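Participant: The following file, model34.pdb, comprises PDB, C-alpha atoms and all ligand atoms:
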ATOM      1  CA  MET A  25      23.936 -42.182-115.502
ATOM      2  CA  LYS A  26      27.230 -43.385-113.958
ATOM      3  CA  CYS A  27      28.017 -45.038-110.633
ATOM      4  CA  VAL A  28      29.727 -42.349-108.521
ATOM      5  CA  LEU A  29      31.998 -44.963-106.952
ATOM      6  CA  CYS A  30      33.314 -47.055-109.863
ATOM      7  CA  ASP A  31      32.267 -44.954-112.861
ATOM      8  CA  GLY A  32      30.393 -47.967-114.284
ATOM      9  CA  THR A  33      27.199 -47.342-116.201
ATOM     10  CA  LEU A  34      23.978 -47.611-114.200
ATOM     11  CA  LYS A  35      20.995 -49.360-115.666
ATOM     12  CA  ASN A  36      19.010 -46.343-116.648
ATOM     13  CA  GLN A  37      15.480 -47.582-116.510
ATOM     14  CA  VAL A  38      13.025 -44.732-116.526
ATOM     15  CA  THR A  39       9.921 -45.752-114.632
ATOM     16  CA  PHE A  40       6.384 -44.770-115.601
ATOM     17  CA  ARG A  41       6.179 -42.795-112.353
ATOM     18  CA  GLU A  42       9.281 -40.806-113.320
ATOM     19  CA  LEU A  43       7.790 -39.968-116.703
ATOM     20  CA  LEU A  44       4.721 -38.641-114.914
ATOM     21  CA  LEU A  45       6.287 -36.932-111.916
ATOM     22  CA  GLY A  46       9.812 -36.064-113.002
ATOM     23  CA  SER A  47      12.942 -37.685-111.650
ATOM     24  CA  GLU A  48      12.865 -39.609-108.388
ATOM     25  CA  VAL A  49      15.630 -39.779-105.792
ATOM     26  CA  LYS A  50      18.059 -42.567-106.706
ATOM     27  CA  ASN A  51      21.285 -44.089-105.404
ATOM     28  CA  HIS A  52      23.915 -43.154-107.991
ATOM     29  CA  CYS A  53      25.660 -46.388-107.118
ATOM     30  CA  CYS A  54      25.769 -49.661-109.093
ATOM     31  CA  ASP A  55      24.580 -52.946-107.572
ATOM     32  CA  LYS A  56      28.117 -54.298-107.359
ATOM     33  CA  CYS A  57      29.422 -51.292-105.375
ATOM     34  CA  HIS A  58      26.260 -51.114-103.285
ATOM     35  CA  SER A  59      26.598 -54.768-102.259
ATOM     36  CA  GLN A  60      29.943 -53.954-100.561
ATOM     37  CA  PHE A  61      28.082 -51.973 -97.903
ATOM     38  CA  GLN A  62      26.494 -53.904 -95.045
ATOM     39  CA  ARG A  63      22.997 -52.820 -94.155
ATOM     40  CA  ILE A  64      22.305 -53.036 -90.425
ATOM     41  CA  ASN A  65      19.357 -55.218 -89.561
ATOM     42  CA  PRO A  66      18.845 -55.390 -85.789
ATOM     43  CA  LEU A  67      16.201 -58.122 -86.162
ATOM     44  CA  PHE A  68      18.741 -60.717 -87.291
ATOM     45  CA  GLU A  69      21.786 -59.802 -85.213
ATOM     46  CA  ASN A  70      22.709 -59.331 -81.563
ATOM     47  CA  ARG A  71      22.907 -55.582 -81.266
ATOM     48  CA  CYS A  72      22.655 -53.035 -78.483
ATOM     49  CA  VAL A  73      19.020 -51.960 -78.240
ATOM     50  CA  TYR A  74      20.063 -48.304 -78.223
ATOM     51  CA  CYS A  75      23.065 -47.669 -80.488
ATOM     52  CA  GLN A  76      22.856 -50.861 -82.653
ATOM     53  CA  LYS A  77      26.455 -51.811 -81.928
ATOM     54  CA  LEU A  78      27.134 -55.550 -82.319
ATOM     55  CA  SER A  79      26.916 -56.695 -78.708
ATOM     56  CA  GLN A  80      26.142 -59.816 -76.717
ATOM     57  CA  GLU A  81      24.665 -57.598 -74.031
ATOM     58  CA  THR A  82      21.269 -55.949 -74.519
ATOM     59  CA  ILE A  83      22.834 -52.598 -73.630
ATOM     60  CA  CYS A  84      26.454 -52.151 -74.755
ATOM     61  CA  GLY A  85      29.238 -50.729 -72.580
ATOM     62  CA  ASP A  86      29.110 -47.287 -74.252
ATOM     63  CA  CYS A  87      25.372 -46.944 -73.672
ATOM     64  CA  GLN A  88      25.652 -48.193 -70.079
ATOM     65  CA  TYR A  89      28.174 -45.391 -69.545
ATOM     66  CA  TRP A  90      25.781 -42.804 -71.050
ATOM     67  CA  GLU A  91      22.945 -44.120 -68.906
ATOM     68  CA  THR A  92      24.940 -43.520 -65.735
ATOM     69  CA  ASN A  93      25.702 -40.011 -67.045
ATOM     70  CA  ASP A  94      22.023 -39.076 -67.388
ATOM     71  CA  MET A  95      21.787 -39.282 -71.173
ATOM     72  CA  ILE A  96      18.310 -40.010 -72.463
ATOM     73  CA  LEU A  97      18.764 -43.116 -74.577
ATOM     74  CA  GLU A  98      16.397 -44.264 -77.302
ATOM     75  CA  PRO A  99      17.043 -46.517 -80.292
ATOM     76  CA  HIS A 100      19.440 -44.860 -82.734
ATOM     77  CA  HIS A 101      18.585 -45.002 -86.459
ATOM     78  CA  VAL A 102      21.468 -46.125 -88.665
ATOM     79  CA  LEU A 103      21.694 -47.584 -92.160
ATOM     80  CA  TYR A 104      25.147 -49.164 -92.557
ATOM     81  CA  GLU A 105      27.873 -50.957 -90.650
ATOM     82  CA  TYR A 106      31.199 -49.076 -90.727
ATOM     83  CA  ASN A 107      32.979 -51.844 -92.661
ATOM     84  CA  GLU A 108      35.941 -51.630 -95.033
ATOM     85  CA  ALA A 109      33.835 -50.356 -97.937
ATOM     86  CA  MET A 110      32.292 -47.624 -95.757
ATOM     87  CA  SER A 111      35.691 -46.634 -94.397
ATOM     88  CA  GLU A 112      36.992 -46.302 -97.966
ATOM     89  CA  PHE A 113      33.900 -44.369 -98.973
ATOM     90  CA  MET A 114      34.396 -41.921 -96.088
ATOM     91  CA  SER A 115      38.041 -41.399 -96.918
ATOM     92  CA  HIS A 116      37.170 -40.380-100.493
ATOM     93  CA  TYR A 117      34.074 -38.442 -99.518
ATOM     94  CA  LYS A 118      35.279 -36.595 -96.436
ATOM     95  CA  PHE A 119      39.029 -36.544 -96.454
ATOM     96  CA  GLN A 120      39.620 -36.181-100.179
ATOM     97  CA  GLY A 121      36.516 -34.023-100.397
ATOM     98  CA  ASN A 122      34.677 -35.646-103.321
ATOM     99  CA  ARG A 123      31.190 -34.261-102.676
ATOM    100  CA  ALA A 124      29.647 -36.050-105.690
ATOM    101  CA  LEU A 125      29.891 -39.307-103.705
ATOM    102  CA  ALA A 126      27.035 -38.174-101.452
ATOM    103  CA  LYS A 127      24.690 -39.336-104.214
ATOM    104  CA  ALA A 128      25.669 -42.974-103.619
ATOM    105  CA  PHE A 129      23.114 -43.269-100.781
ATOM    106  CA  SER A 130      20.442 -40.731-101.747
ATOM    107  CA  TYR A 131      17.637 -43.236-102.224
ATOM    108  CA  ASP A 132      18.505 -45.172 -99.042
ATOM    109  CA  ILE A 133      18.425 -41.992 -96.961
ATOM    110  CA  HIS A 134      15.291 -40.664 -98.635
ATOM    111  CA  GLU A 135      13.430 -43.925 -97.964
ATOM    112  CA  ALA A 136      14.653 -44.173 -94.355
ATOM    113  CA  PHE A 137      13.276 -40.714 -93.580
ATOM    114  CA  LYS A 138       9.846 -41.782 -94.834
ATOM    115  CA  GLU A 139       9.721 -44.171 -91.867
ATOM    116  CA  LEU A 140      10.351 -41.408 -89.309
ATOM    117  CA  THR A 141       7.808 -39.074 -87.724
ATOM    118  CA  TYR A 142       9.275 -35.611 -87.241
ATOM    119  CA  ASP A 143       8.879 -31.858 -87.721
ATOM    120  CA  ILE A 144      12.386 -30.695 -88.611
ATOM    121  CA  VAL A 145      15.798 -32.104 -89.512
ATOM    122  CA  VAL A 146      18.926 -30.650 -87.888
ATOM    123  CA  PRO A 147      22.449 -31.617 -89.006
ATOM    124  CA  ILE A 148      25.379 -31.858 -86.560
ATOM    125  CA  PRO A 149      27.515 -28.795 -87.378
ATOM    126  CA  LEU A 150      31.093 -28.668 -88.615
ATOM    127  CA  SER A 151      33.614 -26.209 -87.261
ATOM    128  CA  LYS A 152      34.278 -23.239 -89.594
ATOM    129  CA  LYS A 153      37.821 -24.466 -90.072
ATOM    130  CA  ARG A 154      36.753 -27.963 -91.151
ATOM    131  CA  LEU A 155      34.133 -26.491 -93.447
ATOM    132  CA  SER A 156      36.597 -24.231 -95.208
ATOM    133  CA  ASN A 157      39.157 -27.036 -95.537
ATOM    134  CA  ARG A 158      36.627 -29.462 -97.012
ATOM    135  CA  GLY A 159      34.618 -26.949 -99.005
ATOM    136  CA  PHE A 160      31.301 -28.590 -98.145
ATOM    137  CA  HIS A 161      29.397 -29.932 -95.158
ATOM    138  CA  GLN A 162      29.310 -33.714 -95.517
ATOM    139  CA  VAL A 163      26.046 -34.203 -93.596
ATOM    140  CA  GLU A 164      24.167 -31.369 -95.351
ATOM    141  CA  GLN A 165      25.344 -32.703 -98.719
ATOM    142  CA  LEU A 166      23.924 -36.178 -97.969
ATOM    143  CA  LEU A 167      20.582 -34.605 -97.007
ATOM    144  CA  GLU A 168      20.461 -32.277-100.015
ATOM    145  CA  ASP A 169      21.080 -35.107-102.466
ATOM    146  CA  ALA A 170      18.419 -37.183-100.702
ATOM    147  CA  CYS A 171      15.948 -34.247-101.054
ATOM    148  CA  ILE A 172      15.496 -33.952 -97.275
ATOM    149  CA  PRO A 173      14.972 -30.312 -96.200
ATOM    150  CA  TYR A 174      16.923 -29.323 -93.078
ATOM    151  CA  VAL A 175      17.543 -26.334 -90.808
ATOM    152  CA  PRO A 176      21.241 -25.692 -90.076
ATOM    153  CA  ILE A 177      20.651 -23.908 -86.770
ATOM    154  CA  LEU A 178      22.913 -25.919 -84.511
ATOM    155  CA  LYS A 179      26.340 -24.228 -84.230
ATOM    156  CA  LYS A 180      29.657 -25.423 -82.936
ATOM    157  CA  ARG A 181      31.414 -23.449 -80.221
ATOM    158  CA  LYS A 182      34.858 -22.167 -81.008
ATOM    159  CA  HIS A 183      37.503 -23.650 -78.751
ATOM    160  CA  THR A 184      39.137 -20.728 -77.040
ATOM    161  CA  ARG A 185      41.833 -22.937 -75.599
ATOM    162  CA  LYS A 186      42.904 -26.471 -76.370
ATOM    163  CA  GLN A 187      41.006 -29.064 -74.319
ATOM    164  CA  SER A 188      44.311 -30.434 -73.069
ATOM    165  CA  GLU A 189      45.249 -27.039 -71.586
ATOM    166  CA  LYS A 190      42.135 -26.909 -69.444
ATOM    167  CA  THR A 191      41.758 -28.313 -65.957
ATOM    168  CA  LYS A 192      39.380 -31.250 -65.568
ATOM    169  CA  GLU A 193      36.820 -28.989 -63.934
ATOM    170  CA  GLU A 194      36.976 -26.516 -66.834
ATOM    171  CA  ARG A 195      36.538 -29.317 -69.341
ATOM    172  CA  LEU A 196      33.411 -30.616 -67.614
ATOM    173  CA  LYS A 197      31.926 -27.112 -67.550
ATOM    174  CA  THR A 198      32.432 -26.681 -71.297
ATOM    175  CA  ILE A 199      30.977 -30.092 -72.072
ATOM    176  CA  HIS A 200      28.375 -28.591 -74.455
ATOM    177  CA  PRO A 201      30.229 -27.993 -77.688
ATOM    178  CA  PHE A 202      27.003 -26.823 -79.380
ATOM    179  CA  TYR A 203      24.646 -23.862 -79.241
ATOM    180  CA  ILE A 204      21.673 -22.291 -80.991
ATOM    181  CA  GLU A 205      21.208 -18.529 -81.360
ATOM    182  CA  PRO A 206      18.390 -17.384 -79.019
ATOM    183  CA  SER A 207      16.519 -16.036 -82.057
ATOM    184  CA  ASP A 208      16.339 -19.662 -83.315
ATOM    185  CA  TYR A 209      14.911 -21.138 -80.079
ATOM    186  CA  PRO A 210      11.294 -20.921 -81.377
ATOM    187  CA  THR A 211      12.306 -23.088 -84.371
ATOM    188  CA  ILE A 212      12.885 -26.079 -82.080
ATOM    189  CA  THR A 213      10.451 -25.426 -79.220
ATOM    190  CA  GLN A 214       8.077 -28.400 -78.859
ATOM    191  CA  LYS A 215       9.338 -29.828 -82.173
ATOM    192  CA  ARG A 216      10.169 -33.421 -83.024
ATOM    193  CA  ILE A 217      13.697 -33.254 -84.411
ATOM    194  CA  VAL A 218      15.805 -35.695 -86.415
ATOM    195  CA  LEU A 219      19.416 -35.001 -85.530
ATOM    196  CA  VAL A 220      21.727 -36.217 -88.310
ATOM    197  CA  ASP A 221      25.424 -37.075 -88.471
ATOM    198  CA  ASP A 222      27.466 -39.180 -90.883
ATOM    199  CA  ILE A 223      29.067 -41.653 -88.440
ATOM    200  CA  TYR A 224      28.144 -42.848 -84.949
ATOM    201  CA  THR A 225      31.154 -44.011 -82.949
ATOM    202  CA  THR A 226      30.570 -43.909 -79.186
ATOM    203  CA  GLY A 227      27.637 -41.527 -79.498
ATOM    204  CA  SER A 228      29.418 -38.737 -77.653
ATOM    205  CA  THR A 229      28.826 -36.019 -80.285
ATOM    206  CA  ILE A 230      25.253 -36.772 -81.263
ATOM    207  CA  LEU A 231      24.087 -37.517 -77.693
ATOM    208  CA  GLN A 232      25.543 -34.253 -76.379
ATOM    209  CA  ALA A 233      23.780 -32.378 -79.174
ATOM    210  CA  LYS A 234      20.564 -34.257 -78.366
ATOM    211  CA  ARG A 235      20.813 -33.350 -74.694
ATOM    212  CA  TYR A 236      21.374 -29.705 -75.646
ATOM    213  CA  LEU A 237      18.305 -29.612 -77.944
ATOM    214  CA  LEU A 238      16.133 -31.198 -75.242
ATOM    215  CA  SER A 239      17.398 -28.622 -72.738
ATOM    216  CA  LYS A 240      16.153 -25.947 -75.180
ATOM    217  CA  HIS A 241      12.663 -27.497 -75.150
ATOM    218  CA  ALA A 242      12.681 -29.702 -78.212
ATOM    219  CA  LYS A 243       9.805 -32.190 -77.768
ATOM    220  CA  LYS A 244      11.673 -35.246 -79.062
ATOM    221  CA  VAL A 245      15.052 -35.890 -80.655
ATOM    222  CA  ILE A 246      15.574 -38.880 -82.949
ATOM    223  CA  THR A 247      19.216 -39.582 -83.830
ATOM    224  CA  PHE A 248      20.177 -40.755 -87.326
ATOM    225  CA  THR A 249      23.514 -41.588 -88.971
ATOM    226  CA  LEU A 250      24.524 -43.117 -92.288
ATOM    227  CA  ALA A 251      26.950 -45.532 -90.615
ATOM    228  CA  ARG A 252      28.114 -46.836 -87.280
TER     229      ARG A 252
HETATM  230 ZN    ZN B   1      29.880 -48.995-108.999
HETATM  231 ZN    ZN B   2      24.859 -49.162 -77.304
END
What does this structure look like when you write it as structure tokens?
Ligand SMILES: [Zn+2]
Ligand SMILES: [Zn+2]
Facilitator:
Amino acid sequence: MKCVLCDGTLKNQVTFRELLLGSEVKNHCCDKCHSQFQRINPLFENRCVYCQKLSQETICGDCQYWETNDMILEPHHVLYEYNEAMSEFMSHYKFQGNRALAKAFSYDIHEAFKELTYDIVVPIPLSKKRLSNRGFHQVEQLLEDACIPYVPILKKRKHTRKQSEKTKEERLKTIHPFYIEPSDYPTITQKRIVLVDDIYTTGSTILQAKRYLLSKHAKKVITFTLAR
């Protein structure tokens, strides 16, 4: 087995459990490459209690803004800091479209989901245009390689007109960029959902999707991203 990032050989130790149960989910990433990524550990750093951003304040500026805009804030689940290594990873994975790289974090994601209590997993959608340009959905690919089943029911609205051409009032009205087909409403009703994206920046995308799912009677929405 090779490291998907540097092509170096991975120590291929087959465990007794694997012999018995078949292959387990692994990071296809060598220790040297893996050590370039910075795992977020809120216990040892000053981070925002909600979004885990490095912050001297208990609640960061972004989250204070969301609070005043009636977003329901709860601690966000995130694995890695968006450092130089993660930025480079994303540029190869997303922008150059190397889908094999998703396997670099399969074990990390698989293990993190074991800690969560939920009924279904819903990925943040891509627009059709992005999907056809990239050839794969970067969030679904991460989940598939981590052996996490998901339901791709959240859809992205097509922009009929450019945001910049709309009046401020029109923009506020179309603030929900997401929707679910009415036939899929029962899938989320009273369900505990993990909403997954690749990167958390200000939270705008994932929090809007969360608010939408709650408005459609999801019981609870946990947000999860690979990086922030
Ligand atoms: Zn490597
Ligand atoms: Zn925050």
Participant: Any chance you could resolve the PyMOL selection byres (((not hetatm)) within 6 of (chain B and resi 2)) against this file and give the residues as a list in words?
Facilitator: Cys72, Tyr74, Cys75, Gln76, Lys77, Ile83, Cys84, Asp86 and Cys87 of chain A
Participant: Which residue is closest to Leu238 of chain A? Choose from A:Val220, A:Tyr89, A:Thr213, A:Tyr131 and count only C-alpha atoms.
Facilitator: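 Ranked by minimum distance to Leu238 of chain A, first place goes to A:Thr213.
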Participant: Return as number ranges by chain every polymer residue, whether protein, DNA or RNA, with at least one atom no more than 7 Å from an atom of ligand ZN 1 (chain B); count only C-alpha atoms and all ligand atoms.
Facilitator: A: 27-32, 53-57
Participant: Counting all atoms listed in the file, what is within 9 Å of Leu125 of chain A, bar same-chain residues fewer than 2 positions away, as a count of residues only?
Facilitator: 13
Participant: Grab all the atoms of segment 165-181 of chain A that the file lists, wrap them in a box along x, y and z, add 6 Å per side, and give me centre plus edge lengths in Å (one decimal) as lines of an AutoDock Vina configuration file.
Facilitator:
center_x = 23.2
center_y = -30.3
center_z = -91.3
size_x = 28.4
size_y = 25.7
size_z = 34.2
Participant: Hey, which of A:Ile246, A:Leu237, A:Val218, A:Ile223 ends up closest to Tyr203 of chain A? Count only C-alpha atoms.
Facilitator: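 Selected residue with least distance to Tyr203 of chain A: A:Leu237.
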Participant: Starting from the PyMOL selection byres (((chain A and resi 208) around 12) and not hetatm), expand the selection into actual residues of this file and give them as an NGL selection string.
Facilitator: :A and (175-179 or 203-207 or 209-213 or 237 or 240-242)
Participant: For the file shown, what are the residues hit by the PyMOL selection byres (((chain A and resi 216) around 7) and not hetatm), laid out as an MDAnalysis selection string?
Facilitator: chainID A and resid 142:144 214:215 217:218 242:245
Participant: Suppose we keep C-alpha atoms; can you now write the selection as a short mmCIF file (atom, residue, chain, number, x, y, z; two decimals), keeping the file's coordinate frame?
Facilitator:
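Generated output (again19.cif):
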data_model
loop_
_atom_site.label_atom_id
_atom_site.label_comp_id
_atom_site.auth_asym_id
_atom_site.auth_seq_id
_atom_site.Cartn_x
_atom_site.Cartn_y
_atom_site.Cartn_z
CA TYR A 142 9.28 -35.61 -87.24
CA ASP A 143 8.88 -31.86 -87.72
CA ILE A 144 12.39 -30.70 -88.61
CA GLN A 214 8.08 -28.40 -78.86
CA LYS A 215 9.34 -29.83 -82.17
CA ILE A 217 13.70 -33.25 -84.41
CA VAL A 218 15.80 -35.70 -86.42
CA ALA A 242 12.68 -29.70 -78.21
CA LYS A 243 9.80 -32.19 -77.77
CA LYS A 244 11.67 -35.25 -79.06
CA VAL A 245 15.05 -35.89 -80.66
#
Participant: Quick one: of A:Ala170, A:Lys118, A:Phe137, A:Ala124, who's nearest to Arg158 of chain A, counting all atoms listed in the file?
Facilitator: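 Checking each of A:Ala170, A:Lys118, A:Phe137, A:Ala124 against Arg158 of chain A, counting all atoms listed in the file, the winner is A:Lys118.
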Participant: So the first atom is atom CA of Leu103 of chain A and the second is atom CA of Ser228 of chain A; what is the distance between them in Å, to one decimal place?
Facilitator: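 Value for the atom CA of Leu103 of chain A-atom CA of Ser228 of chain A distance: 18.7 Å.
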Participant: What does the structure give for the distance between atom CA of Ser151 of chain A and atom CA of Glu112 of chain A, in Å to one decimal?
Facilitator: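 Calculated distance between atom CA of Ser151 of chain A and atom CA of Glu112 of chain A is 23.0 Å.
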Participant: Select, from A:Tyr224, A:Gly121, A:Met110, A:Glu69, the residue with the minimum atom-to-atom distance to Glu81 of chain A, counting all atoms listed in the file.
Facilitator: A:Glu69
Participant: Restricting the calculation to all atoms listed in the file, which member of A:Tyr106, A:Phe160, A:Phe119, A:Phe68 is positioned closest to Thr225 of chain A?
Facilitator: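 Selected residue with least distance to Thr225 of chain A: A:Tyr106.
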Participant: So which one's closest to Lys138 of chain A, A:Arg181, A:Ala251, A:Leu78, A:Cys171? Using all atoms listed in the file, please.
Facilitator: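 Checking each of A:Arg181, A:Ala251, A:Leu78, A:Cys171 against Lys138 of chain A, counting all atoms listed in the file, the winner is A:Cys171.
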Participant: Take atom CA of Thr247 of chain A and atom CA of Ile172 of chain A and report the distance between them in Å, one decimal.
Facilitator: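 Atom CA of Ile172 of chain A lies at a distance of 15.0 Å from atom CA of Thr247 of chain A.
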Participant: Keeping just all heavy atoms, export segment 83-93 of chain A of this structure as a short mmCIF file (atom, residue, chain, number, x, y, z; two decimals), in the first residue's frame.
Facilitator:
data_model
loop_
_atom_site.label_atom_id
_atom_site.label_comp_id
_atom_site.auth_asym_id
_atom_site.auth_seq_id
_atom_site.Cartn_x
_atom_site.Cartn_y
_atom_site.Cartn_z
N ILE A 83 -16.57 33.16 22.84
CA ILE A 83 -17.36 33.08 21.62
C ILE A 83 -16.75 34.05 20.62
O ILE A 83 -16.63 35.25 20.88
CB ILE A 83 -18.85 33.44 21.87
CG1 ILE A 83 -19.43 32.48 22.92
CG2 ILE A 83 -19.65 33.37 20.58
CD1 ILE A 83 -20.84 32.84 23.37
N CYS A 84 -16.30 33.53 19.47
CA CYS A 84 -15.58 34.37 18.50
C CYS A 84 -16.52 35.36 17.81
O CYS A 84 -17.75 35.24 17.92
CB CYS A 84 -14.88 33.50 17.46
SG CYS A 84 -16.00 32.81 16.21
N GLY A 85 -15.96 36.30 17.09
CA GLY A 85 -16.74 37.33 16.41
C GLY A 85 -17.76 36.76 15.44
O GLY A 85 -18.91 37.22 15.39
N ASP A 86 -17.34 35.75 14.65
CA ASP A 86 -18.26 35.12 13.68
C ASP A 86 -19.48 34.57 14.40
O ASP A 86 -20.62 34.80 14.00
CB ASP A 86 -17.58 33.94 12.96
CG ASP A 86 -16.46 34.39 12.04
OD1 ASP A 86 -16.45 35.57 11.64
OD2 ASP A 86 -15.60 33.54 11.72
N CYS A 87 -19.23 33.81 15.46
CA CYS A 87 -20.34 33.15 16.18
C CYS A 87 -21.22 34.16 16.90
O CYS A 87 -22.43 33.97 17.00
CB CYS A 87 -19.80 32.09 17.13
SG CYS A 87 -19.12 30.67 16.24
N GLN A 88 -20.60 35.26 17.40
CA GLN A 88 -21.42 36.32 18.01
C GLN A 88 -22.38 36.89 16.97
O GLN A 88 -23.54 37.16 17.25
CB GLN A 88 -20.53 37.43 18.56
CG GLN A 88 -19.86 37.03 19.87
CD GLN A 88 -18.93 38.11 20.39
OE1 GLN A 88 -19.13 39.30 20.15
NE2 GLN A 88 -17.89 37.70 21.10
N TYR A 89 -21.88 37.05 15.74
CA TYR A 89 -22.71 37.55 14.65
C TYR A 89 -23.87 36.58 14.38
O TYR A 89 -25.02 36.98 14.25
CB TYR A 89 -21.87 37.74 13.38
CG TYR A 89 -22.70 38.05 12.16
CD1 TYR A 89 -23.16 39.34 11.91
CD2 TYR A 89 -23.05 37.03 11.26
CE1 TYR A 89 -23.94 39.63 10.80
CE2 TYR A 89 -23.84 37.31 10.14
CZ TYR A 89 -24.28 38.61 9.92
OH TYR A 89 -25.06 38.87 8.83
N TRP A 90 -23.56 35.27 14.32
CA TRP A 90 -24.63 34.28 14.07
C TRP A 90 -25.66 34.28 15.19
O TRP A 90 -26.85 34.13 14.95
CB TRP A 90 -24.05 32.87 13.90
CG TRP A 90 -23.17 32.72 12.71
CD1 TRP A 90 -21.89 32.22 12.68
CD2 TRP A 90 -23.47 33.06 11.35
NE1 TRP A 90 -21.39 32.24 11.41
CE2 TRP A 90 -22.34 32.75 10.58
CE3 TRP A 90 -24.60 33.61 10.72
CZ2 TRP A 90 -22.29 32.96 9.20
CZ3 TRP A 90 -24.56 33.82 9.34
CH2 TRP A 90 -23.42 33.49 8.60
N GLU A 91 -25.15 34.44 16.43
CA GLU A 91 -26.08 34.46 17.57
C GLU A 91 -27.09 35.58 17.45
O GLU A 91 -28.27 35.39 17.73
CB GLU A 91 -25.29 34.61 18.89
CG GLU A 91 -25.18 33.31 19.64
CD GLU A 91 -24.58 33.48 21.02
OE1 GLU A 91 -23.95 34.52 21.29
OE2 GLU A 91 -24.75 32.55 21.82
N THR A 92 -26.62 36.76 17.01
CA THR A 92 -27.54 37.89 16.89
C THR A 92 -28.45 37.71 15.67
O THR A 92 -29.41 38.43 15.50
CB THR A 92 -26.80 39.24 16.77
OG1 THR A 92 -25.92 39.16 15.65
CG2 THR A 92 -26.00 39.56 18.00
N ASN A 93 -28.12 36.75 14.79
CA ASN A 93 -28.97 36.48 13.63
C ASN A 93 -29.76 35.18 13.80
O ASN A 93 -30.09 34.51 12.81
CB ASN A 93 -28.14 36.44 12.36
CG ASN A 93 -27.81 37.84 11.88
OD1 ASN A 93 -28.60 38.48 11.21
ND2 ASN A 93 -26.65 38.33 12.30
#
